[in-house]
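One file, final_34.cif, carrying mmCIF, C-alpha atoms:
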```cif
data_final
loop_
_atom_site.group_PDB
_atom_site.id
_atom_site.type_symbol
_atom_site.label_atom_id
_atom_site.label_comp_id
_atom_site.auth_asym_id
_atom_site.auth_seq_id
_atom_site.Cartn_x
_atom_site.Cartn_y
_atom_site.Cartn_z
ATOM 1 C CA MET A 1 55.727 11.412 -44.738
ATOM 2 C CA MET A 2 52.046 11.691 -43.715
ATOM 3 C CA LYS A 3 51.428 7.939 -43.977
ATOM 4 C CA ARG A 4 54.430 7.257 -41.772
ATOM 5 C CA ALA A 5 53.194 9.745 -39.143
ATOM 6 C CA LEU A 6 49.733 8.128 -39.072
ATOM 7 C CA PHE A 7 51.332 4.687 -38.744
ATOM 8 C CA LEU A 8 53.440 5.873 -35.793
ATOM 9 C CA LEU A 9 50.342 7.324 -34.109
ATOM 10 C CA MET A 10 48.543 3.986 -34.477
ATOM 11 C CA LEU A 11 51.525 2.117 -32.999
ATOM 12 C CA ALA A 12 51.674 4.521 -30.047
ATOM 13 C CA GLY A 13 47.978 3.974 -29.344
ATOM 14 C CA ALA A 14 48.342 0.195 -29.496
ATOM 15 C CA ALA A 15 51.360 0.244 -27.170
ATOM 16 C CA GLN A 16 49.544 2.427 -24.628
ATOM 17 C CA ALA A 17 46.467 0.162 -24.526
ATOM 18 C CA GLY A 18 48.383 -2.805 -23.083
ATOM 19 C CA GLU A 19 47.329 -6.422 -23.244
ATOM 20 C CA LEU A 20 43.795 -7.660 -22.617
ATOM 21 C CA ARG A 21 43.113 -9.420 -19.331
ATOM 22 C CA ALA A 22 40.074 -10.441 -17.317
ATOM 23 C CA LEU A 23 38.994 -8.150 -14.448
ATOM 24 C CA ASP A 24 37.241 -9.286 -11.276
ATOM 25 C CA ASP A 25 34.298 -7.259 -9.879
ATOM 26 C CA ARG A 26 36.495 -5.191 -7.534
ATOM 27 C CA GLU A 27 38.858 -4.170 -10.363
ATOM 28 C CA LEU A 28 35.970 -3.563 -12.741
ATOM 29 C CA SER A 29 34.272 -1.184 -10.290
ATOM 30 C CA GLN A 30 37.404 1.016 -10.413
ATOM 31 C CA VAL A 31 37.378 1.381 -14.206
ATOM 32 C CA SER A 32 36.156 4.652 -15.671
ATOM 33 C CA GLY A 33 35.982 5.677 -19.290
ATOM 34 C CA GLY A 34 34.138 7.720 -21.835
ATOM 35 C CA ASP A 35 31.579 6.766 -24.367
ATOM 36 C CA GLY A 36 31.589 7.413 -28.063
ATOM 37 C CA ILE A 37 33.777 6.514 -30.986
ATOM 38 C CA SER A 38 36.411 8.249 -33.074
ATOM 39 C CA PHE A 39 37.536 7.224 -36.513
ATOM 40 C CA ALA A 40 39.740 8.155 -39.418
ATOM 41 C CA ALA A 41 38.917 7.684 -43.099
ATOM 42 C CA HIS A 42 40.817 7.398 -46.357
ATOM 43 C CA VAL A 43 38.317 7.754 -49.230
ATOM 44 C CA VAL A 44 39.318 7.346 -52.866
ATOM 45 C CA LEU A 45 36.827 8.138 -55.650
ATOM 46 C CA ASN A 46 37.376 6.885 -59.216
ATOM 47 C CA ASP A 47 41.156 6.510 -59.057
ATOM 48 C CA PRO A 48 42.316 6.574 -62.710
ATOM 49 C CA THR A 49 45.515 4.654 -61.847
ATOM 50 C CA LEU A 50 43.611 1.456 -60.936
ATOM 51 C CA VAL A 51 43.452 -1.444 -63.390
ATOM 52 C CA GLY A 52 40.115 -1.331 -65.240
ATOM 53 C CA ALA A 53 39.375 2.223 -64.141
ATOM 54 C CA VAL A 54 36.376 3.870 -65.810
ATOM 55 C CA SER A 55 37.327 6.905 -67.896
ATOM 56 C CA ASP A 56 33.810 8.341 -68.326
ATOM 57 C CA SER A 57 31.974 8.242 -65.006
ATOM 58 C CA ARG A 58 28.995 10.455 -64.225
ATOM 59 C CA LEU A 59 26.993 11.588 -61.259
ATOM 60 C CA SER A 60 23.547 12.815 -62.364
ATOM 61 C CA LEU A 61 20.850 14.650 -60.420
ATOM 62 C CA GLY A 62 17.456 14.706 -62.110
ATOM 63 C CA PHE A 63 14.733 17.357 -61.865
ATOM 64 C CA SER A 64 11.413 17.713 -63.591
ATOM 65 C CA GLY A 65 9.366 20.836 -64.030
ATOM 66 C CA GLY A 66 7.018 22.228 -66.619
ATOM 67 C CA GLY A 67 6.669 18.769 -68.168
ATOM 68 C CA GLN A 68 10.389 18.537 -68.961
ATOM 69 C CA ASN A 69 13.208 16.544 -67.350
ATOM 70 C CA ARG A 70 16.589 18.169 -66.777
ATOM 71 C CA TYR A 71 19.752 16.658 -65.339
ATOM 72 C CA ILE A 72 22.764 18.201 -63.655
ATOM 73 C CA VAL A 73 25.661 15.989 -64.781
ATOM 74 C CA PHE A 74 29.037 15.888 -63.006
ATOM 75 C CA LYS A 75 31.508 14.129 -65.302
ATOM 76 C CA ASN A 76 34.419 12.129 -63.856
ATOM 77 C CA VAL A 77 34.003 12.858 -60.146
ATOM 78 C CA ARG A 78 37.325 11.828 -58.556
ATOM 79 C CA GLY A 79 39.818 12.476 -55.808
ATOM 80 C CA THR A 80 41.132 11.434 -52.416
ATOM 81 C CA VAL A 81 40.052 12.622 -48.961
ATOM 82 C CA ASP A 82 41.905 11.770 -45.740
ATOM 83 C CA MET A 83 40.136 12.619 -42.464
ATOM 84 C CA PHE A 84 41.473 12.120 -38.960
ATOM 85 C CA ALA A 85 39.650 12.067 -35.637
ATOM 86 C CA VAL A 86 35.954 12.435 -36.437
ATOM 87 C CA SER A 87 34.078 11.584 -33.227
ATOM 88 C CA LEU A 88 30.532 10.525 -32.438
ATOM 89 C CA GLY A 89 29.139 10.432 -28.913
ATOM 90 C CA VAL A 90 26.146 11.009 -26.677
ATOM 91 C CA GLN A 91 26.430 13.908 -24.202
ATOM 92 C CA THR A 92 24.146 15.185 -21.426
ATOM 93 C CA ARG A 93 22.708 18.668 -21.853
ATOM 94 C CA SER A 94 23.856 21.153 -19.205
ATOM 95 C CA ASP A 95 20.276 22.377 -18.658
ATOM 96 C CA GLY A 96 19.136 18.884 -17.623
ATOM 97 C CA GLY A 97 16.929 18.601 -20.719
ATOM 98 C CA GLY A 98 18.211 15.178 -21.760
ATOM 99 C CA ASP A 99 20.936 13.951 -24.048
ATOM 100 C CA TYR A 100 22.187 14.987 -27.464
ATOM 101 C CA ILE A 101 24.322 13.416 -30.179
ATOM 102 C CA ALA A 102 27.633 15.256 -30.655
ATOM 103 C CA ILE A 103 29.584 14.826 -33.890
ATOM 104 C CA GLY A 104 33.106 16.184 -33.441
ATOM 105 C CA LEU A 105 34.533 17.807 -36.545
ATOM 106 C CA PRO A 106 37.773 16.304 -37.890
ATOM 107 C CA GLY A 107 40.943 18.039 -36.772
ATOM 108 C CA TYR A 108 42.648 17.189 -40.061
ATOM 109 C CA VAL A 109 41.204 16.853 -43.589
ATOM 110 C CA HIS A 110 43.461 16.558 -46.640
ATOM 111 C CA TYR A 111 42.137 16.749 -50.225
ATOM 112 C CA THR A 112 44.074 15.461 -53.236
ATOM 113 C CA ASN A 113 42.666 16.195 -56.718
ATOM 114 C CA LEU A 114 39.094 16.159 -55.400
ATOM 115 C CA GLY A 115 36.594 17.444 -57.929
ATOM 116 C CA PHE A 116 35.059 16.823 -61.317
ATOM 117 C CA GLU A 117 36.010 17.307 -64.968
ATOM 118 C CA SER A 118 32.864 19.125 -66.087
ATOM 119 C CA LEU A 119 29.427 20.246 -64.943
ATOM 120 C CA SER A 120 26.551 20.446 -67.406
ATOM 121 C CA VAL A 121 22.761 20.700 -67.554
ATOM 122 C CA GLN A 122 21.238 18.274 -70.060
ATOM 123 C CA ASN A 123 17.955 16.697 -71.159
ATOM 124 C CA ASP A 124 19.595 13.246 -71.358
ATOM 125 C CA PRO A 125 21.996 12.223 -68.544
ATOM 126 C CA VAL A 126 23.950 9.771 -70.760
ATOM 127 C CA ALA A 127 24.304 12.028 -73.821
ATOM 128 C CA PRO A 128 27.798 13.352 -74.610
ATOM 129 C CA VAL A 129 28.712 16.498 -72.693
ATOM 130 C CA THR A 130 28.843 19.283 -75.290
ATOM 131 C CA ASN A 131 28.780 22.326 -73.036
ATOM 132 C CA SER A 132 30.542 22.609 -69.667
ATOM 133 C CA LEU A 133 29.639 25.117 -66.976
ATOM 134 C CA GLY A 134 33.011 24.572 -65.322
ATOM 135 C CA SER A 135 35.210 22.140 -63.458
ATOM 136 C CA LEU A 136 36.577 21.801 -59.934
ATOM 137 C CA ASN A 137 39.882 20.530 -58.530
ATOM 138 C CA ILE A 138 40.749 20.871 -54.818
ATOM 139 C CA ASN A 139 44.176 20.224 -53.295
ATOM 140 C CA GLY A 140 44.887 21.229 -49.728
ATOM 141 C CA THR A 141 44.451 20.699 -46.019
ATOM 142 C CA VAL A 142 41.771 21.941 -43.629
ATOM 143 C CA SER A 143 41.861 21.923 -39.846
ATOM 144 C CA LEU A 144 38.490 22.064 -38.099
ATOM 145 C CA GLN A 145 37.326 22.229 -34.519
ATOM 146 C CA GLY A 146 33.955 22.130 -32.813
ATOM 147 C CA GLN A 147 30.863 19.951 -32.824
ATOM 148 C CA VAL A 148 27.608 19.476 -34.665
ATOM 149 C CA ARG A 149 24.856 18.677 -32.146
ATOM 150 C CA PHE A 150 21.490 16.965 -32.645
ATOM 151 C CA TRP A 151 18.722 16.604 -30.090
ATOM 152 C CA GLY A 152 14.985 15.919 -30.061
ATOM 153 C CA HIS A 153 12.144 17.836 -28.483
#
```

As a first step, turn the structure in this file into structure tokens.
Amino acid sequence: MMKRALFLLMLAGAAQAGELRALDDRELSQVSGGDGISFAAHVVLNDPTLVGAVSDSRLSLGFSGGGQNRYIVFKNVRGTVDMFAVSLGVQTRSDGGGDYIAIGLPGYVHYTNLGFESLSVQNDPVAPVTNSLGSLNINGTVSLQGQVRFWGH
């Protein structure tokens, strides 16, 4: 159902845009628009249904301290994330202090089996996982609004 709705939204946008045509200077001077981009994403991590899928993947973060190396190991990180309408644009500050980069939060984020099989702390990142500190599996939808803003001084 969701894929069909996204497809219909894309068709509606294409139909509204019309065909491309050259504009002369008079017509071009009448055109107004906004800057920035918006995009949607469909991200799939380690899908076990694919041919040749890896059954023992790891994401390791290494730390050293006191002369010893330790690794945080996430085993079999996987899942699907669908995001719609993330925007990126440059805006002018209302106080006249210049411009800023505005990242618009996605209005729709859907998670399907996003997570990992186990989390462990080990001396060797490729050694078998013998002790798990837990696992994570997220299924659901989030709706966000607002912006993250970046500017320089």

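Those residues returned by the PyMOL selection byres ((chain A and resi 35-48) around 9) for this file are Gly33, Gly34, Thr49, Leu50, Val51, Gly52, Ala53, Val54, Ser55, Ser57, Asn76, Val77, Arg78, Gly79, Thr80, Val81, Asp82, Met83, Phe84, Ala85, Val86, Ser87, Leu88, Gly89, Val90, Gln91, Gly104, Pro106 and Leu114 of chain A.
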
Residues matched by the PyMOL selection byres ((chain A and resi 129) around 9), written as a PyMOL selection string: chain A and resi 73+75+118-122+125-128+130-132

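Listed by chain and then by number, the residues chosen by the PyMOL selection byres ((chain A and resi 150) around 9) in this file are Tyr100, Ile101, Ala102, Ile103, Val148, Arg149, Trp151 and Gly152 of chain A.
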
Separating atom CA of Phe74 of chain A from atom CA of Glu117 of chain A, to the nearest tenth of an Å, is a gap of 7.4 Å

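Of note, atom CA of Thr141 of chain A and atom CA of Gly107 of chain A are spaced 10.2 Å apart.
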
Report, in Å to a single decimal, how far apart atom CA of Gln147 of chain A and atom CA of Asp99 of chain A are. 14.5 Å

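Distances from A:Asn113, A:Tyr108, A:Phe63, A:Tyr71 to Asn137 of chain A were compared using all atoms listed in the file, and the smallest one belongs to A:Asn113.
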